[in-house]
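Colleague: Got a file for you: my_file_7.cif, mmCIF, C-alpha atoms and all ligand atoms.
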```
data_model
#
loop_
_atom_site.label_atom_id
_atom_site.label_comp_id
_atom_site.auth_asym_id
_atom_site.auth_seq_id
_atom_site.Cartn_x
_atom_site.Cartn_y
_atom_site.Cartn_z
CA MET B 37 66.77 144.70 57.58
CA GLU B 38 68.76 146.63 54.98
CA TYR B 39 69.84 144.98 51.75
CA PRO B 40 72.57 143.88 51.41
CA GLU B 41 73.29 143.35 55.07
CA SER B 42 76.85 144.61 55.02
CA VAL B 43 78.99 146.62 52.66
CA SER B 44 82.70 147.29 52.71
CA ARG B 45 85.29 149.44 50.94
CA ARG B 46 86.02 146.47 48.68
CA ASP B 47 82.54 146.78 47.22
CA PHE B 48 83.55 150.16 45.84
CA ASP B 49 86.09 148.51 43.55
CA ASP B 50 83.63 145.79 42.59
CA ARG B 51 80.59 147.96 41.88
CA MET B 52 81.50 151.57 41.17
CA VAL B 53 82.74 153.26 38.02
CA PRO B 54 86.38 153.81 39.02
CA VAL B 55 86.54 157.63 38.85
CA TYR B 56 87.43 158.03 42.54
CA ALA B 57 89.96 156.42 44.86
CA PRO B 58 88.27 156.78 48.26
CA ALA B 59 90.05 156.22 51.57
CA ALA B 60 90.31 152.74 53.03
CA PHE B 61 87.65 153.47 55.68
CA ILE B 62 83.95 154.26 55.26
CA PRO B 63 82.60 157.15 57.34
CA VAL B 64 79.14 156.42 58.75
CA ARG B 65 78.41 159.31 61.11
CA GLY B 66 79.53 162.86 61.79
CA ALA B 67 78.95 165.53 64.42
CA GLY B 68 80.56 168.95 64.22
CA SER B 69 84.13 168.44 63.03
CA ARG B 70 84.35 164.80 64.07
CA VAL B 71 83.51 161.75 61.97
CA TRP B 72 83.27 158.05 62.82
CA ASP B 73 83.89 155.11 60.50
CA GLN B 74 82.31 151.65 60.33
CA ALA B 75 84.67 150.36 63.01
CA GLY B 76 83.78 153.23 65.37
CA LYS B 77 87.15 154.95 64.91
CA GLU B 78 87.00 158.74 65.26
CA TYR B 79 88.53 161.33 62.93
CA ILE B 80 89.06 165.09 63.08
CA ASP B 81 87.65 166.46 59.83
CA PHE B 82 89.91 169.10 58.28
CA ALA B 83 88.41 168.47 54.81
CA GLY B 84 84.81 169.46 55.48
CA GLY B 85 83.55 167.41 52.55
CA ILE B 86 85.81 169.42 50.17
CA ALA B 87 84.89 172.88 51.47
CA VAL B 88 81.21 171.93 51.64
CA ASN B 89 80.31 171.20 55.29
CA ALA B 90 80.84 174.80 56.38
CA LEU B 91 78.86 174.22 59.58
CA GLY B 92 80.35 170.80 60.21
CA HIS B 93 78.32 167.61 60.26
CA ALA B 94 74.71 167.34 61.45
CA HIS B 95 74.40 170.98 62.51
CA PRO B 96 71.19 171.09 64.58
CA ALA B 97 69.71 174.16 62.82
CA ALA B 98 70.44 172.82 59.32
CA GLN B 99 69.02 169.47 60.36
CA ALA B 100 65.88 171.13 61.70
CA ALA B 101 65.43 173.11 58.46
CA LEU B 102 65.79 169.92 56.42
CA VAL B 103 63.36 167.93 58.55
CA GLU B 104 60.82 170.75 58.67
CA GLN B 105 60.85 171.22 54.90
CA ALA B 106 60.84 167.46 54.33
CA GLY B 107 57.48 167.36 56.07
CA LYS B 108 56.06 170.11 53.85
CA LEU B 109 57.18 170.00 50.22
CA TRP B 110 60.19 168.40 48.53
CA HIS B 111 59.81 169.20 44.89
CA MET B 112 57.44 170.72 42.37
CA GLY B 113 59.54 171.50 39.31
CA ASN B 114 60.00 174.88 37.68
CA GLY B 115 56.38 175.25 36.60
CA TYR B 116 55.94 176.56 40.15
CA THR B 117 58.15 178.71 42.29
CA ASN B 118 58.46 178.10 46.03
CA GLU B 119 58.85 180.06 49.25
CA PRO B 120 62.29 178.78 50.35
CA VAL B 121 63.92 179.61 46.99
CA LEU B 122 62.47 183.13 46.96
CA ARG B 123 63.76 183.72 50.48
CA LEU B 124 67.18 182.37 49.56
CA ALA B 125 67.35 184.58 46.48
CA LYS B 126 66.60 187.62 48.64
CA GLN B 127 69.32 186.64 51.12
CA LEU B 128 71.91 186.30 48.33
CA ILE B 129 70.87 189.51 46.59
CA ASP B 130 70.81 191.51 49.83
CA ALA B 131 74.27 190.26 50.74
CA THR B 132 76.08 190.70 47.40
CA PHE B 133 76.37 192.86 44.24
CA ALA B 134 73.83 190.62 42.55
CA GLU B 135 70.27 191.48 41.53
CA ARG B 136 69.23 188.16 39.98
CA ALA B 137 69.87 184.51 40.86
CA PHE B 138 69.68 181.24 38.94
CA PHE B 139 69.70 178.06 41.01
CA CYS B 140 71.10 174.68 40.06
CA ASN B 141 72.70 171.69 41.75
CA SER B 142 76.47 171.81 41.45
CA GLY B 143 79.39 174.13 40.87
CA ALA B 144 79.86 172.84 37.34
CA GLU B 145 76.25 173.64 36.51
CA ALA B 146 76.56 177.14 37.94
CA ASN B 147 79.65 177.75 35.80
CA GLU B 148 77.93 176.21 32.79
CA ALA B 149 75.10 178.70 33.29
CA ALA B 150 77.58 181.57 33.67
CA LEU B 151 79.42 180.66 30.47
CA LYS B 152 76.17 180.21 28.55
CA LEU B 153 74.96 183.59 29.82
CA ALA B 154 78.20 185.17 28.60
CA ARG B 155 77.82 183.57 25.17
CA LYS B 156 74.22 184.79 24.97
CA VAL B 157 75.15 188.33 26.01
CA GLY B 158 77.93 188.29 23.41
CA HIS B 159 75.51 186.99 20.80
CA ASP B 160 72.95 189.68 21.64
CA SER B 161 75.59 192.44 21.49
CA GLY B 162 75.46 192.47 17.70
CA ILE B 163 79.27 192.35 17.55
CA ALA B 164 80.29 189.58 15.15
CA ASP B 165 81.72 186.47 16.82
CA LYS B 166 81.77 187.94 20.31
CA ASN B 167 82.00 184.47 21.80
CA ARG B 168 85.54 183.96 23.06
CA ILE B 169 86.17 182.92 26.63
CA VAL B 170 89.45 183.64 28.34
CA ALA B 171 90.34 181.28 31.18
CA PHE B 172 93.48 180.45 33.13
CA GLY B 173 96.06 177.74 33.36
CA ASN B 174 95.64 175.37 36.29
CA ALA B 175 92.04 176.53 36.85
CA PHE B 176 89.22 174.20 37.86
CA HIS B 177 85.62 174.96 36.95
CA GLY B 178 83.88 171.56 37.05
CA ARG B 179 83.47 168.41 34.96
CA THR B 180 80.83 169.10 32.33
CA LEU B 181 82.39 169.25 28.88
CA PHE B 182 82.18 173.08 28.72
CA THR B 183 83.50 173.66 32.24
CA VAL B 184 86.24 171.05 32.01
CA SER B 185 87.33 172.75 28.78
CA ALA B 186 87.38 176.12 30.54
CA GLY B 187 89.47 174.54 33.29
CA GLY B 188 93.19 174.83 32.78
CA GLN B 189 94.24 171.25 33.40
CA PRO B 190 94.31 169.46 30.01
CA LYS B 191 94.66 166.06 31.70
CA TYR B 192 90.99 166.36 32.71
CA SER B 193 89.72 167.28 29.23
CA GLN B 194 91.98 166.03 26.46
CA ASP B 195 90.64 162.47 26.30
CA PHE B 196 87.08 163.78 25.80
CA ALA B 197 87.74 165.64 22.55
CA PRO B 198 86.29 167.17 20.47
CA LEU B 199 85.94 169.93 23.05
CA PRO B 200 83.82 173.08 22.82
CA GLY B 201 85.80 175.76 21.00
CA GLY B 202 86.45 179.43 21.57
CA ILE B 203 88.20 179.01 24.93
CA PHE B 204 91.67 180.52 25.34
CA HIS B 205 93.97 179.90 28.29
CA VAL B 206 96.63 182.20 29.67
CA PRO B 207 98.79 181.77 32.78
CA PHE B 208 97.13 182.61 36.11
CA ASN B 209 98.27 185.87 37.71
CA ASP B 210 99.83 186.99 34.40
CA LEU B 211 98.05 190.22 33.53
CA SER B 212 100.20 190.96 30.48
CA ALA B 213 99.23 187.62 28.97
CA ALA B 214 95.56 188.38 29.69
CA GLU B 215 95.94 191.78 28.01
CA VAL B 216 97.08 190.03 24.85
CA ALA B 217 94.28 187.45 24.96
CA VAL B 218 91.27 189.67 25.74
CA ASN B 219 89.83 191.65 22.82
CA GLU B 220 86.50 192.83 21.41
CA ARG B 221 85.59 189.25 20.51
CA THR B 222 85.91 188.17 24.14
CA CYS B 223 82.53 187.61 25.79
CA ALA B 224 83.88 186.55 29.20
CA VAL B 225 86.87 186.08 31.44
CA ILE B 226 86.38 183.34 34.05
CA VAL B 227 88.65 183.17 37.08
CA GLU B 228 88.84 181.74 40.59
CA PRO B 229 89.88 184.45 43.10
CA ILE B 230 91.84 181.68 44.80
CA GLN B 231 92.57 178.61 42.70
CA GLY B 232 91.41 175.78 44.95
CA GLU B 233 91.88 172.44 43.21
CA GLY B 234 94.90 173.89 41.42
CA GLY B 235 96.89 174.14 44.65
CA VAL B 236 95.35 176.91 46.81
CA LEU B 237 96.86 179.78 44.82
CA PRO B 238 95.48 183.25 45.60
CA ALA B 239 95.12 185.74 42.75
CA ASP B 240 97.17 188.92 43.13
CA PRO B 241 94.85 191.86 43.85
CA ALA B 242 96.39 193.76 40.90
CA PHE B 243 95.63 190.80 38.63
CA LEU B 244 91.91 190.80 39.47
CA GLN B 245 91.78 194.62 39.24
CA GLY B 246 93.49 194.41 35.87
CA LEU B 247 91.00 191.78 34.63
CA ARG B 248 88.13 194.04 35.75
CA ALA B 249 89.59 196.93 33.71
CA LEU B 250 90.19 194.67 30.67
CA CYS B 251 86.62 193.39 30.76
CA ASP B 252 85.27 196.94 31.03
CA ARG B 253 87.41 198.07 28.10
CA HIS B 254 86.33 195.23 25.82
CA GLY B 255 82.74 194.72 26.95
CA ALA B 256 83.39 191.25 28.34
CA LEU B 257 81.78 189.74 31.44
CA LEU B 258 84.02 189.10 34.41
CA ILE B 259 82.95 185.78 35.96
CA PHE B 260 84.24 184.92 39.43
CA ASP B 261 84.07 181.22 40.14
CA GLU B 262 83.55 181.34 43.90
CA VAL B 263 82.34 177.76 44.12
CA GLN B 264 85.13 176.99 46.59
CA THR B 265 85.93 180.45 48.00
CA GLY B 266 82.33 181.50 48.64
CA VAL B 267 80.02 181.52 51.65
CA GLY B 268 82.56 182.61 54.24
CA ARG B 269 85.39 180.28 53.33
CA THR B 270 88.02 183.04 53.07
CA GLY B 271 86.71 184.99 56.07
CA SER B 272 84.66 187.40 53.98
CA LEU B 273 81.27 186.30 52.70
CA TYR B 274 82.67 186.13 49.17
CA ALA B 275 86.32 186.56 48.24
CA TYR B 276 85.49 189.38 45.80
CA MET B 277 84.52 191.54 48.79
CA ASP B 278 87.95 191.21 50.30
CA TYR B 279 89.63 191.90 46.94
CA GLY B 280 87.40 194.90 46.31
CA VAL B 281 86.79 193.79 42.72
CA VAL B 282 83.16 193.29 41.76
CA PRO B 283 82.42 190.70 39.05
CA ASP B 284 79.48 190.71 36.61
CA VAL B 285 78.67 187.10 37.35
CA LEU B 286 79.48 185.02 40.42
CA THR B 287 79.03 181.31 40.90
CA THR B 288 78.56 179.77 44.33
CA ALA B 289 78.04 176.15 45.35
CA LYS B 290 79.97 173.86 47.70
CA ALA B 291 79.30 175.47 51.13
CA LEU B 292 76.00 177.02 50.03
CA GLY B 293 73.95 174.01 51.11
CA GLY B 294 76.34 172.94 53.87
CA GLY B 295 76.24 169.42 52.39
CA PHE B 296 72.89 169.48 50.62
CA PRO B 297 73.43 169.85 46.86
CA ILE B 298 72.62 173.35 45.61
CA ALA B 299 74.41 176.02 43.59
CA ALA B 300 73.67 179.45 42.20
CA MET B 301 74.74 181.80 39.47
CA LEU B 302 74.39 185.42 40.57
CA THR B 303 74.35 188.38 38.22
CA THR B 304 72.91 191.81 37.54
CA GLU B 305 69.39 192.60 36.41
CA LYS B 306 70.65 193.93 33.08
CA LEU B 307 72.67 190.82 32.19
CA ALA B 308 69.91 188.50 33.36
CA GLN B 309 67.63 190.06 30.74
CA SER B 310 69.62 188.27 28.04
CA LEU B 311 68.06 185.03 29.17
CA SER B 312 64.37 184.42 28.61
CA VAL B 313 61.79 181.75 29.41
CA GLY B 314 63.06 178.44 28.13
CA SER B 315 66.60 179.59 27.32
CA HIS B 316 68.15 177.68 30.24
CA GLY B 317 67.02 175.53 33.15
CA THR B 318 67.34 172.38 35.23
CA THR B 319 64.77 170.10 36.85
CA TYR B 320 65.98 170.25 40.43
CA GLY B 321 67.33 173.82 40.45
CA GLY B 322 66.26 175.67 43.58
CA ASN B 323 63.94 172.96 44.78
CA PRO B 324 62.30 173.71 48.15
CA LEU B 325 64.25 171.10 50.11
CA ALA B 326 67.66 172.35 48.95
CA ALA B 327 66.67 176.00 49.21
CA ALA B 328 65.34 175.62 52.76
CA VAL B 329 68.60 174.08 53.95
CA ALA B 330 70.72 176.63 52.05
CA GLY B 331 68.74 179.55 53.44
CA THR B 332 69.41 178.36 56.97
CA VAL B 333 73.09 177.61 56.32
CA PHE B 334 73.66 180.94 54.56
CA GLY B 335 71.92 182.85 57.32
CA LEU B 336 74.01 181.19 60.01
CA ILE B 337 77.29 181.88 58.20
CA ASN B 338 76.57 185.45 57.07
CA THR B 339 77.08 186.99 60.50
CA PRO B 340 79.99 189.12 61.75
CA GLU B 341 80.69 186.55 64.50
CA VAL B 342 81.06 183.55 62.20
CA LEU B 343 83.09 185.47 59.61
CA ALA B 344 85.41 186.88 62.29
CA GLY B 345 85.66 183.37 63.72
CA VAL B 346 87.08 182.18 60.39
CA ALA B 347 89.99 184.62 60.78
CA ALA B 348 90.61 183.47 64.35
CA ARG B 349 90.57 179.80 63.31
CA HIS B 350 92.87 180.63 60.40
CA ARG B 351 95.43 182.04 62.84
CA ARG B 352 95.20 179.04 65.14
CA LEU B 353 95.50 176.46 62.36
CA VAL B 354 98.37 178.30 60.63
CA ALA B 355 100.19 178.65 63.97
CA GLY B 356 99.72 174.92 64.56
CA LEU B 357 101.02 174.05 61.11
CA ASP B 358 103.99 176.41 61.48
CA ALA B 359 104.90 174.76 64.78
CA LEU B 360 104.60 171.31 63.18
CA ASN B 361 106.86 172.46 60.38
CA GLN B 362 109.53 173.45 62.92
CA ARG B 363 109.60 169.87 64.19
CA TYR B 364 109.07 168.17 60.83
CA PRO B 365 110.24 170.57 58.14
CA VAL B 366 108.42 169.11 55.14
CA PHE B 367 106.46 172.17 53.96
CA SER B 368 107.91 175.10 52.03
CA CYS B 369 104.97 177.35 52.91
CA VAL B 370 101.36 177.49 54.04
CA ARG B 371 99.24 179.64 51.72
CA GLY B 372 95.62 180.62 51.22
CA LYS B 373 93.06 182.70 53.07
CA GLY B 374 90.66 182.07 55.92
CA LEU B 375 89.94 178.35 56.10
CA LEU B 376 91.11 177.57 52.57
CA LEU B 377 94.72 176.65 53.27
CA GLY B 378 97.37 174.74 51.36
CA ALA B 379 100.55 173.39 52.94
CA VAL B 380 103.02 173.00 50.10
CA LEU B 381 105.44 170.06 50.31
CA LYS B 382 109.09 170.87 49.77
CA GLU B 383 110.79 169.72 46.58
CA ALA B 384 112.27 166.71 48.40
CA PHE B 385 108.73 165.45 49.18
CA ALA B 386 107.14 166.35 45.85
CA GLY B 387 104.29 164.07 44.83
CA GLN B 388 103.85 162.69 48.37
CA ALA B 389 100.69 164.52 49.47
CA LYS B 390 98.62 161.39 48.94
CA LYS B 391 100.92 159.35 51.16
CA LEU B 392 100.75 161.96 53.93
CA LEU B 393 96.95 161.94 53.68
CA ARG B 394 96.88 158.18 54.10
CA LEU B 395 99.09 158.35 57.20
CA ALA B 396 96.99 161.18 58.63
CA GLY B 397 93.86 159.09 58.09
CA GLU B 398 95.48 156.23 60.00
CA GLU B 399 96.23 158.68 62.84
CA GLY B 400 92.64 159.98 62.81
CA ALA B 401 92.81 163.22 60.81
CA ILE B 402 91.11 163.86 57.47
CA MET B 403 92.59 166.34 54.98
CA LEU B 404 92.59 166.88 51.21
CA MET B 405 95.05 167.19 48.39
CA ALA B 406 95.20 170.11 45.97
CA GLY B 407 97.41 168.48 43.37
CA PRO B 408 100.15 165.99 44.23
CA ASP B 409 102.29 168.43 46.24
CA VAL B 410 99.78 170.35 48.36
CA VAL B 411 97.92 169.24 51.49
CA ARG B 412 94.68 171.23 51.66
CA PHE B 413 92.66 172.19 54.73
CA THR B 414 89.02 173.28 54.32
CA PRO B 415 87.41 172.50 57.67
CA SER B 416 84.09 173.64 59.05
CA LEU B 417 84.01 177.43 59.50
CA ILE B 418 82.95 176.84 63.09
CA ILE B 419 85.40 174.06 63.96
CA PRO B 420 86.06 174.22 67.73
CA GLU B 421 89.56 175.34 68.70
CA ALA B 422 90.04 172.11 70.64
CA ASP B 423 89.40 170.15 67.43
CA ILE B 424 91.96 172.23 65.55
CA ASP B 425 94.54 171.45 68.25
CA GLU B 426 93.65 167.77 68.37
CA GLY B 427 93.78 167.50 64.56
CA VAL B 428 97.18 169.18 64.48
CA SER B 429 98.56 166.77 67.07
CA ARG B 430 97.24 163.80 65.09
CA LEU B 431 98.88 165.29 62.02
CA ALA B 432 102.11 165.52 64.04
CA ARG B 433 102.01 161.76 64.58
CA ALA B 434 101.44 161.26 60.86
CA LEU B 435 104.35 163.57 60.03
CA ALA B 436 106.67 161.70 62.39
CA ARG B 437 105.91 158.49 60.47
CA PHE B 438 106.09 160.33 57.13
CA CYS B 439 109.60 161.63 57.93
CA ALA B 440 110.75 158.27 59.24
CA GLU B 441 109.57 156.53 56.07
CA CYS B 442 110.72 159.09 53.47
C1 LIG J 501 84.43 172.17 43.17
C2 LIG J 501 84.56 173.28 42.18
C3 LIG J 501 83.80 173.32 41.01
C4 LIG J 501 82.87 172.19 40.62
O1 LIG J 501 81.83 172.03 41.50
P1 LIG J 501 80.94 170.67 41.43
O2 LIG J 501 79.89 170.90 42.46
O3 LIG J 501 81.87 169.56 41.74
O4 LIG J 501 80.41 170.59 40.06
C5 LIG J 501 83.91 174.42 40.20
N1 LIG J 501 84.73 175.43 40.50
C6 LIG J 501 85.50 175.42 41.60
C7 LIG J 501 86.37 176.59 41.89
C8 LIG J 501 85.46 174.35 42.48
O5 LIG J 501 86.23 174.33 43.57
#
```
Could you show the structure in this file as C-alpha cells?
Modeller:
Amino acid sequence: MEYPESVSRRDFDDRMVPVYAPAAFIPVRGAGSRVWDQAGKEYIDFAGGIAVNALGHAHPAAQAALVEQAGKLWHMGNGYTNEPVLRLAKQLIDATFAERAFFCNSGAEANEAALKLARKVGHDSGIADKNRIVAFGNAFHGRTLFTVSAGGQPKYSQDFAPLPGGIFHVPFNDLSAAEVAVNERTCAVIVEPIQGEGGVLPADPAFLQGLRALCDRHGALLIFDEVQTGVGRTGSLYAYMDYGVVPDVLTTAKALGGGFPIAAMLTTEKLAQSLSVGSHGTTYGGNPLAAAVAGTVFGLINTPEVLAGVAARHRRLVAGLDALNQRYPVFSCVRGKGLLLGAVLKEAFAGQAKKLLRLAGEEGAIMLMAGPDVVRFTPSLIIPEADIDEGVSRLARALARFCAEC
C-alpha cells in the first residue's frame, strides 16, 4: 500500500511552497492528447504540459526507450560519457547549425549556460568590459537569478535584488532601440523568436535579421532562446530555420525530452572552445536515461511528415477557434505559429484568461495562459484531428458560460 493512502488537491495548499496555483483536479493518467483525473473525468489536453509533451502522453516509442534504458544504465555522472548522449548530440548537430552541444536539465539552465558562454567569450576577446547583455521587454528566459534578470518582466525579478548586473532591456520588435543599446561592450543579445510566456508574440523577420546584423557588427553573440519554440513546435524543427536567421547559440528544452527533463545549449565549434574542462557543468546533464528518451522523441519529431502535420493541425485549430469566435466574439485575434497559438481576449474581457481556463477545465479541456489576457494552446504535435475538434467543442461550452457570466 502507498503512503499516505490518499492525497487530494487540498494537500497542495497544506504541504507545498505556494509558488503555483494548480487546477482544482489532479491528473493521474494520460494517453495521446487525453488525460484523466482522480475521479476518472477525461480532458482534451491543449496544453501539452506547457509545450513539453510534443508526442502526447505515454507515447509507446518514448515509453519503450525509457524502459529499455532504465534496464541498462540510469546515471554515471560526467566523469564518464554515455552512448545515448553521444547519439543525441549527433542528431542535434546533424539537424541544425550547431557543431557542439552542452546538456543540462531545464530551459533556465540552458540559458544560464548560454549567457555564461557569452560572458566568457567577451572576457576572452581582450576588449575591456565586453560583458553587456541586451535582452527584451516582456521576455521569459527562466527562473535562475541570471535568467530571470535577463527576462523582461520585472515582477518576476525585482523582489530578489540585488540582481546580476550588465543586462539592458529594450522593447521587443524595436530594432531602433536595439541599435542604440548594442555596442562594442555587448557580449550577447538574447531573444525568443516567438515570445511564449509573454503572450505568444512572434518577432518580425526584419527584427531578427537586424539583430543578426547588429551582433555581427559589434562582435556580440546572438542567442536564440528556443526553449518553447524548438523541436517542431512552430512547424519547422527550430523557429530560426523558418526565419532564415542563424544564431550563434541556441537553447532547447521543453519538448526535447517529450516530458522527461532535459535541455541543451547548442553552439559552434569556435565558440565552444571558450569553455574548458571545469568551466561549467551540472551533475545530471545529458544522463543516459534522459538522453535515450530525448533521442527517440527528437527522431520521431524530426521527420517531414510530423513537421507538415503541425501545419495541418495549426490550420484546423485556428479554423476551429475562428468559428468559435464568430459565435462567441471574445477574442481580438489568434496569433502564433504552428502549434504555439495565443487567442487574445478583447479589451472588454481583459484579465479573464484564468477564468476561461477554469471553465474550460470544468468542460473537459485543458489550456494555458500567456499572461492575463491570452489563452495559449501548445498541444501535442501529433494530436489527432478528432481531439482538436472535440476540444474545440468543449471550449465552445466553456465560452457559452463565460459569455453568460461576463
Ligand atoms: C519555459 C521557458 C524557459 C524556462 O525553462 P525551464 O525548463 O522552466 O527552466 C526559458 N525560456 C523560454 C522561452 C521558455 O518558454
Colleague: Pick from B:Leu273, B:Ala406, B:Leu325, B:Val263: nearest to ligand LIG 501 (chain J), with only C-alpha atoms and all ligand atoms counted?
Modeller: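 Ranked by minimum distance to ligand LIG 501 (chain J), first place goes to B:Val263.
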Colleague: Taking all atoms listed in the file into account, list the residues no farther than 9 Å from ligand LIG 501 (chain J), as a PyMOL selection string.
Modeller: chain B and resi 86-87+141-147+175-180+183+187+227-234+260-265+287-290+297-299
Colleague: Return the single residue from B:Leu237, B:Ala94, B:Ile337, B:Arg394 that is closest to Ala60 (chain B), with distances computed using all atoms listed in the file.
Modeller: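 The closest residue to Ala60 (chain B) is B:Arg394.
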Colleague: Need the shell around Arg168 (chain B): protein/DNA/RNA residues with any atom at most 7 Å away, counting all atoms listed in the file. Skip same-chain ones fewer than 5 positions apart. Format as a count of residues only?
Modeller: 6
Colleague: Point out the residue among B:Arg363, B:Arg433, B:Arg136, B:His93 with the least atom-to-atom distance to Lys306 (chain B), counting only C-alpha atoms.
Modeller: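 Using only C-alpha atoms, Lys306 (chain B) sits closest to B:Arg136.
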Colleague: Check the smallest atom-to-atom distance from each of B:Tyr274, B:Phe296, B:Tyr56, B:Phe48 to Ala330 (chain B) using only C-alpha atoms, then report the winner.
Modeller: B:Phe296
Colleague: Axis-aligned box over every listed atom of region 390-403 of chain B, padded by 5 Å per side: centre and edges in Å to one decimal, as JSON?
Modeller:
```
{"center_x": 96.0, "center_y": 161.3, "center_z": 55.9, "size_x": 19.8, "size_y": 20.1, "size_z": 23.9}
```
Colleague: Determine the nearest neighbour of Gly356 (chain B) from the options B:Lys391, B:Arg430, B:Lys152, B:Lys166, counting all atoms listed in the file.
Modeller: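 Checking each of B:Lys391, B:Arg430, B:Lys152, B:Lys166 against Gly356 (chain B), counting all atoms listed in the file, the winner is B:Arg430.
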Colleague: Can you list, as a list in words, every protein, DNA or RNA residue that comes within 8 Å of region 278-284 of chain B when you count all atoms listed in the file, leaving out same-chain residues fewer than 4 positions away?
Modeller: Phe133, Pro241, Leu244, Gln245, Arg248, Leu257, Leu258, Ile259, Phe260, Ser272, Tyr274, Thr303 and Thr304 of chain B
Colleague: Excluding Leu102 (chain B) and its own-chain neighbours fewer than 4 positions away, which residues fall within 12 Å of it when counting only C-alpha atoms? Please give them as a PyMOL selection string.
Modeller: chain B and resi 94-98+106-110+120+293-296+324-333
Colleague: What does the distance between CA of Trp72 (chain B) and CA of Gly400 (chain B) come to in Å, to one decimal place?
Modeller: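 Taking CA of Trp72 (chain B) and CA of Gly400 (chain B), their separation equals 9.6 Å.
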Colleague: So what do you get for CA of Asp160 (chain B) versus CA of Ala214 (chain B), distance-wise?
Modeller: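 Value for the CA of Asp160 (chain B)-CA of Ala214 (chain B) distance: 24.0 Å.
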Colleague: Rounded to one decimal place, report the CA of Ala83 (chain B)-CA of Met403 (chain B) distance in Å.
Modeller: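 So the two atoms, CA of Ala83 (chain B) and CA of Met403 (chain B), lie 4.7 Å apart.
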Colleague: Which residue gives the smallest distance to Ala186 (chain B) among B:Glu78, B:Glu148, B:Asp165, B:Glu383, with only C-alpha atoms counted?
Modeller: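 Checking each candidate against Ala186 (chain B), we get B:Glu148 as the closest.
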Colleague: Could you give me, as a PyMOL selection string, the residues within 8 Å of Asp423 (chain B), counting all atoms listed in the file and dropping anything in the same chain fewer than 3 positions from it?
Modeller: chain B and resi 69+80+419-420+426-427
Colleague: Near Lys382 (chain B), within 12 Å and counting only C-alpha atoms, which residues show up once chain neighbours fewer than 6 positions away are dropped, as a PyMOL selection string?
Modeller: chain B and resi 361+364-370+388-389+408-411
Colleague: Distance cut-off 8 Å, centre (92.2, 176.2, 68.0) in file coordinates, counting all atoms listed in the file: which residues qualify? Return them as a PyMOL selection string.
Modeller: chain B and resi 349+352-353+420-425
